[in-house]
file model-v5.cif (mmCIF, C-alpha atoms)
data_structure
#
loop_
_atom_site.group_PDB
_atom_site.id
_atom_site.type_symbol
_atom_site.label_atom_id
_atom_site.label_comp_id
_atom_site.auth_asym_id
_atom_site.auth_seq_id
_atom_site.Cartn_x
_atom_site.Cartn_y
_atom_site.Cartn_z
ATOM 1 C CA MET A 1177 -49.210 30.209 -193.629
ATOM 2 C CA HIS A 1178 -51.680 28.557 -191.277
ATOM 3 C CA GLN A 1179 -49.908 26.537 -188.627
ATOM 4 C CA THR A 1180 -50.429 25.477 -185.061
ATOM 5 C CA PRO A 1181 -48.204 26.819 -182.301
ATOM 6 C CA THR A 1182 -46.556 23.384 -182.017
ATOM 7 C CA GLU A 1183 -45.807 23.329 -185.756
ATOM 8 C CA PHE A 1184 -44.331 26.811 -185.419
ATOM 9 C CA MET A 1185 -42.023 25.753 -182.572
ATOM 10 C CA GLU A 1186 -40.858 22.742 -184.614
ATOM 11 C CA LEU A 1187 -40.055 25.076 -187.524
ATOM 12 C CA TYR A 1188 -38.343 27.593 -185.232
ATOM 13 C CA LEU A 1189 -36.107 24.883 -183.767
ATOM 14 C CA SER A 1190 -35.327 23.262 -187.126
ATOM 15 C CA ASN A 1191 -33.561 26.280 -188.663
ATOM 16 C CA GLY A 1192 -30.142 25.217 -187.406
ATOM 17 C CA TYR A 1193 -27.492 27.799 -188.232
ATOM 18 C CA ASP A 1194 -29.634 29.715 -190.738
ATOM 19 C CA LEU A 1195 -29.733 33.126 -189.049
ATOM 20 C CA GLU A 1196 -31.897 34.743 -191.734
ATOM 21 C CA ALA A 1197 -34.523 31.977 -191.547
ATOM 22 C CA THR A 1198 -34.518 32.134 -187.746
ATOM 23 C CA LEU A 1199 -34.956 35.906 -187.677
ATOM 24 C CA GLU A 1200 -37.929 35.687 -190.053
ATOM 25 C CA LEU A 1201 -39.688 33.932 -187.158
ATOM 26 C CA VAL A 1202 -38.811 36.617 -184.589
ATOM 27 C CA ASP A 1203 -41.010 39.657 -183.993
ATOM 28 C CA ASP A 1204 -39.475 43.096 -184.554
ATOM 29 C CA GLU A 1205 -40.188 44.002 -180.905
ATOM 30 C CA ALA A 1206 -39.000 40.693 -179.416
ATOM 31 C CA ILE A 1207 -37.342 40.513 -176.013
ATOM 32 C CA TYR A 1208 -35.016 37.585 -175.269
ATOM 33 C CA PHE A 1209 -33.515 36.695 -171.887
ATOM 34 C CA PHE A 1210 -30.683 34.145 -172.051
ATOM 35 C CA SER A 1211 -29.467 31.855 -169.287
ATOM 36 C CA ASN A 1212 -26.199 33.843 -169.078
ATOM 37 C CA LYS A 1213 -28.335 36.693 -167.630
ATOM 38 C CA SER A 1214 -28.179 38.788 -170.831
ATOM 39 C CA ALA A 1215 -31.199 40.638 -172.219
ATOM 40 C CA HIS A 1216 -31.729 41.441 -175.902
ATOM 41 C CA LEU A 1217 -34.365 43.973 -176.922
ATOM 42 C CA GLY A 1218 -35.665 44.079 -180.492
ATOM 43 C CA LYS A 1219 -34.945 41.909 -183.491
ATOM 44 C CA GLU A 1220 -31.585 43.581 -184.218
ATOM 45 C CA GLU A 1221 -30.180 42.818 -180.740
ATOM 46 C CA VAL A 1222 -31.702 39.339 -180.745
ATOM 47 C CA GLY A 1223 -30.102 38.680 -184.134
ATOM 48 C CA ALA A 1224 -26.689 39.847 -182.926
ATOM 49 C CA ALA A 1225 -26.916 37.584 -179.862
ATOM 50 C CA ILE A 1226 -27.967 34.558 -181.915
ATOM 51 C CA LYS A 1227 -25.203 35.241 -184.448
ATOM 52 C CA LYS A 1228 -22.657 35.407 -181.623
ATOM 53 C CA ASN A 1229 -23.852 31.985 -180.401
ATOM 54 C CA PHE A 1230 -23.669 30.580 -183.941
ATOM 55 C CA ASP A 1231 -20.131 31.962 -184.361
ATOM 56 C CA THR A 1232 -18.950 30.724 -180.948
ATOM 57 C CA ILE A 1233 -20.479 27.239 -180.715
ATOM 58 C CA LYS A 1234 -19.539 24.832 -183.518
ATOM 59 C CA ASP A 1235 -21.264 21.512 -184.268
ATOM 60 C CA ASP A 1236 -24.093 22.672 -182.032
ATOM 61 C CA THR A 1237 -27.045 20.437 -181.250
ATOM 62 C CA TYR A 1238 -30.086 21.907 -179.514
ATOM 63 C CA GLN A 1239 -33.260 20.202 -178.456
ATOM 64 C CA ILE A 1240 -36.282 20.801 -176.295
ATOM 65 C CA ASN A 1241 -38.260 18.296 -174.258
ATOM 66 C CA ASN A 1242 -41.458 18.412 -172.236
ATOM 67 C CA LEU A 1243 -43.005 21.117 -174.434
ATOM 68 C CA THR A 1244 -46.106 22.205 -172.511
ATOM 69 C CA TRP A 1245 -48.549 24.852 -173.702
ATOM 70 C CA LEU A 1246 -49.792 27.067 -170.876
ATOM 71 C CA SER A 1247 -52.147 29.092 -173.043
ATOM 72 C CA GLU A 1248 -53.258 29.076 -176.677
ATOM 73 C CA THR A 1249 -55.594 31.581 -178.291
ATOM 74 C CA ALA A 1250 -56.069 32.496 -181.935
ATOM 75 C CA ASP A 1251 -53.395 35.220 -181.639
ATOM 76 C CA LEU A 1252 -51.129 34.345 -178.698
ATOM 77 C CA ALA A 1253 -49.582 31.177 -177.249
ATOM 78 C CA VAL A 1254 -47.232 30.534 -174.317
ATOM 79 C CA CYS A 1255 -45.165 27.405 -173.745
ATOM 80 C CA VAL A 1256 -42.545 26.122 -171.307
ATOM 81 C CA TYR A 1257 -39.979 23.396 -171.905
ATOM 82 C CA ASP A 1258 -36.655 21.893 -170.925
ATOM 83 C CA PHE A 1259 -33.751 22.502 -173.322
ATOM 84 C CA SER A 1260 -30.305 21.012 -173.763
ATOM 85 C CA TRP A 1261 -27.416 21.786 -176.076
ATOM 86 C CA SER A 1262 -23.917 20.599 -176.837
ATOM 87 C CA GLY A 1263 -21.158 21.686 -179.171
ATOM 88 C CA LEU A 1264 -17.554 22.762 -179.467
ATOM 89 C CA ILE A 1265 -16.102 26.033 -178.212
ATOM 90 C CA ASP A 1266 -12.459 26.562 -179.151
ATOM 91 C CA GLY A 1267 -12.286 22.845 -179.999
ATOM 92 C CA LYS A 1268 -13.478 21.728 -176.562
ATOM 93 C CA GLU A 1269 -16.730 19.862 -176.002
ATOM 94 C CA VAL A 1270 -19.264 21.840 -173.981
ATOM 95 C CA LEU A 1271 -22.874 21.301 -173.007
ATOM 96 C CA GLY A 1272 -25.639 22.994 -171.156
ATOM 97 C CA SER A 1273 -29.278 22.714 -170.242
ATOM 98 C CA GLY A 1274 -32.070 24.634 -168.618
ATOM 99 C CA ARG A 1275 -35.695 25.604 -168.911
ATOM 100 C CA GLY A 1276 -37.353 27.944 -171.317
ATOM 101 C CA THR A 1277 -40.476 29.966 -171.877
ATOM 102 C CA SER A 1278 -41.569 31.147 -175.311
ATOM 103 C CA VAL A 1279 -44.379 33.540 -176.094
ATOM 104 C CA ILE A 1280 -45.501 33.606 -179.699
ATOM 105 C CA LYS A 1281 -48.015 35.906 -181.328
ATOM 106 C CA LYS A 1282 -49.812 35.858 -184.638
ATOM 107 C CA HIS A 1283 -48.373 38.155 -187.297
ATOM 108 C CA LEU A 1284 -50.636 38.237 -190.348
ATOM 109 C CA GLN A 1285 -51.192 34.501 -190.943
ATOM 110 C CA SER A 1286 -48.108 33.104 -189.209
ATOM 111 C CA TRP A 1287 -46.572 33.081 -185.753
ATOM 112 C CA ARG A 1288 -43.582 35.090 -184.479
ATOM 113 C CA VAL A 1289 -41.598 34.816 -181.240
ATOM 114 C CA ILE A 1290 -42.251 37.930 -179.153
ATOM 115 C CA HIS A 1291 -40.463 36.699 -176.016
ATOM 116 C CA GLU A 1292 -38.051 33.928 -175.095
ATOM 117 C CA HIS A 1293 -36.700 33.394 -171.589
ATOM 118 C CA LEU A 1294 -34.027 30.751 -170.970
ATOM 119 C CA SER A 1295 -32.813 30.060 -167.449
ATOM 120 C CA GLN A 1296 -30.968 27.482 -165.402
ATOM 121 C CA GLY A 1297 -32.850 24.618 -163.808
ATOM 122 C CA HIS A 1298 -35.428 22.220 -165.154
ATOM 123 C CA PHE A 1299 -39.093 22.564 -165.914
ATOM 124 C CA ARG A 1300 -39.585 18.844 -165.314
ATOM 125 C CA ALA A 1301 -37.093 16.480 -163.724
#
call {"tool": "encode", "arguments": {"input": "model-v5.cif", "output": "structure tokens"}}
result
Amino acid sequence: MHQTPTEFMELYLSNGYDLEATLELVDDEAIYFFSNKSAHLGKEEVGAAIKKNFDTIKDDTYQINNLTWLSETADLAVCVYDFSWSGLIDGKEVLGSGRGTSVIKKHLQSWRVIHEHLSQGHFRA
């Protein structure tokens, strides 16, 4: 599949609660840092962390804004963005926001997330 990095990020974010589809877009050696200070090394750990979020947060909405590409080559791309989310945890409305960095690399003819770093704060006010 030939796609631009921006098209890949749109696909990655559009998977909703489909864990299998999301993990198909994650590299086997991926490293994720979440805003709760947790680190997840490798696709198996990343998958377990994402599943835990899916199981915990109901009616979740997630969006990114201010997507900015810092670097794009034929095989590697790096972007930063602001993110926000809302949902229900134990029936109570919750929300959060922060800034993110994603590094994607080419795997055969399509992109895969090799690193994602979410933290508190904003990329752009």
call {"tool": "resolve_selection", "arguments": {"input": "model-v5.cif", "expression": "the PyMOL selection byres ((chain A and resi 1247-1261) around 8)", "output": "count of residues only"}}
result
29
call {"tool": "atom_distance", "arguments": {"input": "model-v5.cif", "atom1": "CA of Ile1290 in chain A", "atom2": "CA of Lys1228 in chain A"}}
result
19.9 Å
call {"tool": "atom_distance", "arguments": {"input": "model-v5.cif", "atom1": "CA of Ala1206 in chain A", "atom2": "CA of Ser1190 in chain A"}}
result
19.4 Å
call {"tool": "residues_around", "arguments": {"input": "model-v5.cif", "residues": "Glu1221 in chain A", "least_positions_apart": "2", "cutoff": "12 Å", "atoms": "all atoms listed in the file", "output": "MDAnalysis selection string"}}
result
chainID A and resid 1199 1202:1209 1214:1219 1223:1228
call {"tool": "axis_aligned_box", "arguments": {"input": "model-v5.cif", "around": "range 1269-1281 of chain A", "padding_each_side": "5 Å", "output": "JSON"}}
result
{"center_x": -32.4, "center_y": 27.9, "center_z": -175.0, "size_x": 41.3, "size_y": 26.0, "size_z": 22.7}
call {"tool": "atom_distance", "arguments": {"input": "model-v5.cif", "atom1": "CA of Asn1212 in chain A", "atom2": "CA of Gly1297 in chain A"}}
result
12.5 Å
call {"tool": "build_atoms", "arguments": {"input": "model-v5.cif", "residues": "range 1264-1286 of chain A", "atoms": "N, CA and C atoms", "output": "PDB file, in the frame of the given file"}}
result
ATOM      1  N   LEU A1264     -18.981  22.521-179.670  1.00  0.00           N
ATOM      2  CA  LEU A1264     -17.554  22.762-179.467  1.00  0.00           C
ATOM      3  C   LEU A1264     -17.294  24.259-179.378  1.00  0.00           C
ATOM      4  N   ILE A1265     -16.565  24.662-178.341  1.00  0.00           N
ATOM      5  CA  ILE A1265     -16.102  26.033-178.212  1.00  0.00           C
ATOM      6  C   ILE A1265     -14.587  25.969-178.122  1.00  0.00           C
ATOM      7  N   ASP A1266     -13.925  26.611-179.078  1.00  0.00           N
ATOM      8  CA  ASP A1266     -12.459  26.562-179.151  1.00  0.00           C
ATOM      9  C   ASP A1266     -11.956  25.120-179.162  1.00  0.00           C
ATOM     10  N   GLY A1267     -12.688  24.245-179.849  1.00  0.00           N
ATOM     11  CA  GLY A1267     -12.286  22.845-179.999  1.00  0.00           C
ATOM     12  C   GLY A1267     -12.591  21.962-178.809  1.00  0.00           C
ATOM     13  N   LYS A1268     -13.168  22.508-177.758  1.00  0.00           N
ATOM     14  CA  LYS A1268     -13.478  21.728-176.562  1.00  0.00           C
ATOM     15  C   LYS A1268     -14.973  21.462-176.480  1.00  0.00           C
ATOM     16  N   GLU A1269     -15.325  20.229-176.113  1.00  0.00           N
ATOM     17  CA  GLU A1269     -16.730  19.862-176.002  1.00  0.00           C
ATOM     18  C   GLU A1269     -17.370  20.547-174.799  1.00  0.00           C
ATOM     19  N   VAL A1270     -18.517  21.151-175.034  1.00  0.00           N
ATOM     20  CA  VAL A1270     -19.264  21.840-173.981  1.00  0.00           C
ATOM     21  C   VAL A1270     -20.730  21.443-174.090  1.00  0.00           C
ATOM     22  N   LEU A1271     -21.437  21.588-172.992  1.00  0.00           N
ATOM     23  CA  LEU A1271     -22.874  21.301-173.007  1.00  0.00           C
ATOM     24  C   LEU A1271     -23.562  22.122-171.954  1.00  0.00           C
ATOM     25  N   GLY A1272     -24.852  22.241-172.107  1.00  0.00           N
ATOM     26  CA  GLY A1272     -25.639  22.994-171.156  1.00  0.00           C
ATOM     27  C   GLY A1272     -27.093  22.579-171.230  1.00  0.00           C
ATOM     28  N   SER A1273     -27.852  23.020-170.265  1.00  0.00           N
ATOM     29  CA  SER A1273     -29.278  22.714-170.242  1.00  0.00           C
ATOM     30  C   SER A1273     -29.984  23.730-169.369  1.00  0.00           C
ATOM     31  N   GLY A1274     -31.286  23.727-169.432  1.00  0.00           N
ATOM     32  CA  GLY A1274     -32.070  24.634-168.618  1.00  0.00           C
ATOM     33  C   GLY A1274     -33.538  24.524-168.972  1.00  0.00           C
ATOM     34  N   ARG A1275     -34.259  25.566-168.618  1.00  0.00           N
ATOM     35  CA  ARG A1275     -35.695  25.604-168.911  1.00  0.00           C
ATOM     36  C   ARG A1275     -35.980  26.870-169.700  1.00  0.00           C
ATOM     37  N   GLY A1276     -37.027  26.805-170.482  1.00  0.00           N
ATOM     38  CA  GLY A1276     -37.353  27.944-171.317  1.00  0.00           C
ATOM     39  C   GLY A1276     -38.835  28.253-171.329  1.00  0.00           C
ATOM     40  N   THR A1277     -39.119  29.491-171.653  1.00  0.00           N
ATOM     41  CA  THR A1277     -40.476  29.966-171.877  1.00  0.00           C
ATOM     42  C   THR A1277     -40.466  30.707-173.209  1.00  0.00           C
ATOM     43  N   SER A1278     -41.412  30.408-174.058  1.00  0.00           N
ATOM     44  CA  SER A1278     -41.569  31.147-175.311  1.00  0.00           C
ATOM     45  C   SER A1278     -42.990  31.670-175.408  1.00  0.00           C
ATOM     46  N   VAL A1279     -43.087  32.918-175.830  1.00  0.00           N
ATOM     47  CA  VAL A1279     -44.379  33.540-176.094  1.00  0.00           C
ATOM     48  C   VAL A1279     -44.392  33.852-177.584  1.00  0.00           C
ATOM     49  N   ILE A1280     -45.396  33.352-178.271  1.00  0.00           N
ATOM     50  CA  ILE A1280     -45.501  33.606-179.699  1.00  0.00           C
ATOM     51  C   ILE A1280     -46.832  34.314-179.971  1.00  0.00           C
ATOM     52  N   LYS A1281     -46.787  35.205-180.967  1.00  0.00           N
ATOM     53  CA  LYS A1281     -48.015  35.906-181.328  1.00  0.00           C
ATOM     54  C   LYS A1281     -48.215  35.834-182.827  1.00  0.00           C
ATOM     55  N   LYS A1282     -49.448  35.937-183.228  1.00  0.00           N
ATOM     56  CA  LYS A1282     -49.812  35.858-184.638  1.00  0.00           C
ATOM     57  C   LYS A1282     -49.423  37.156-185.318  1.00  0.00           C
ATOM     58  N   HIS A1283     -48.737  37.019-186.454  1.00  0.00           N
ATOM     59  CA  HIS A1283     -48.373  38.155-187.297  1.00  0.00           C
ATOM     60  C   HIS A1283     -48.905  37.836-188.686  1.00  0.00           C
ATOM     61  N   LEU A1284     -49.919  38.561-189.111  1.00  0.00           N
ATOM     62  CA  LEU A1284     -50.636  38.237-190.348  1.00  0.00           C
ATOM     63  C   LEU A1284     -51.161  36.811-190.210  1.00  0.00           C
ATOM     64  N   GLN A1285     -50.691  35.877-191.019  1.00  0.00           N
ATOM     65  CA  GLN A1285     -51.192  34.501-190.943  1.00  0.00           C
ATOM     66  C   GLN A1285     -50.188  33.522-190.355  1.00  0.00           C
ATOM     67  N   SER A1286     -49.090  34.015-189.788  1.00  0.00           N
ATOM     68  CA  SER A1286     -48.108  33.104-189.209  1.00  0.00           C
ATOM     69  C   SER A1286     -47.673  33.610-187.837  1.00  0.00           C
TER      70      SER A1286
END
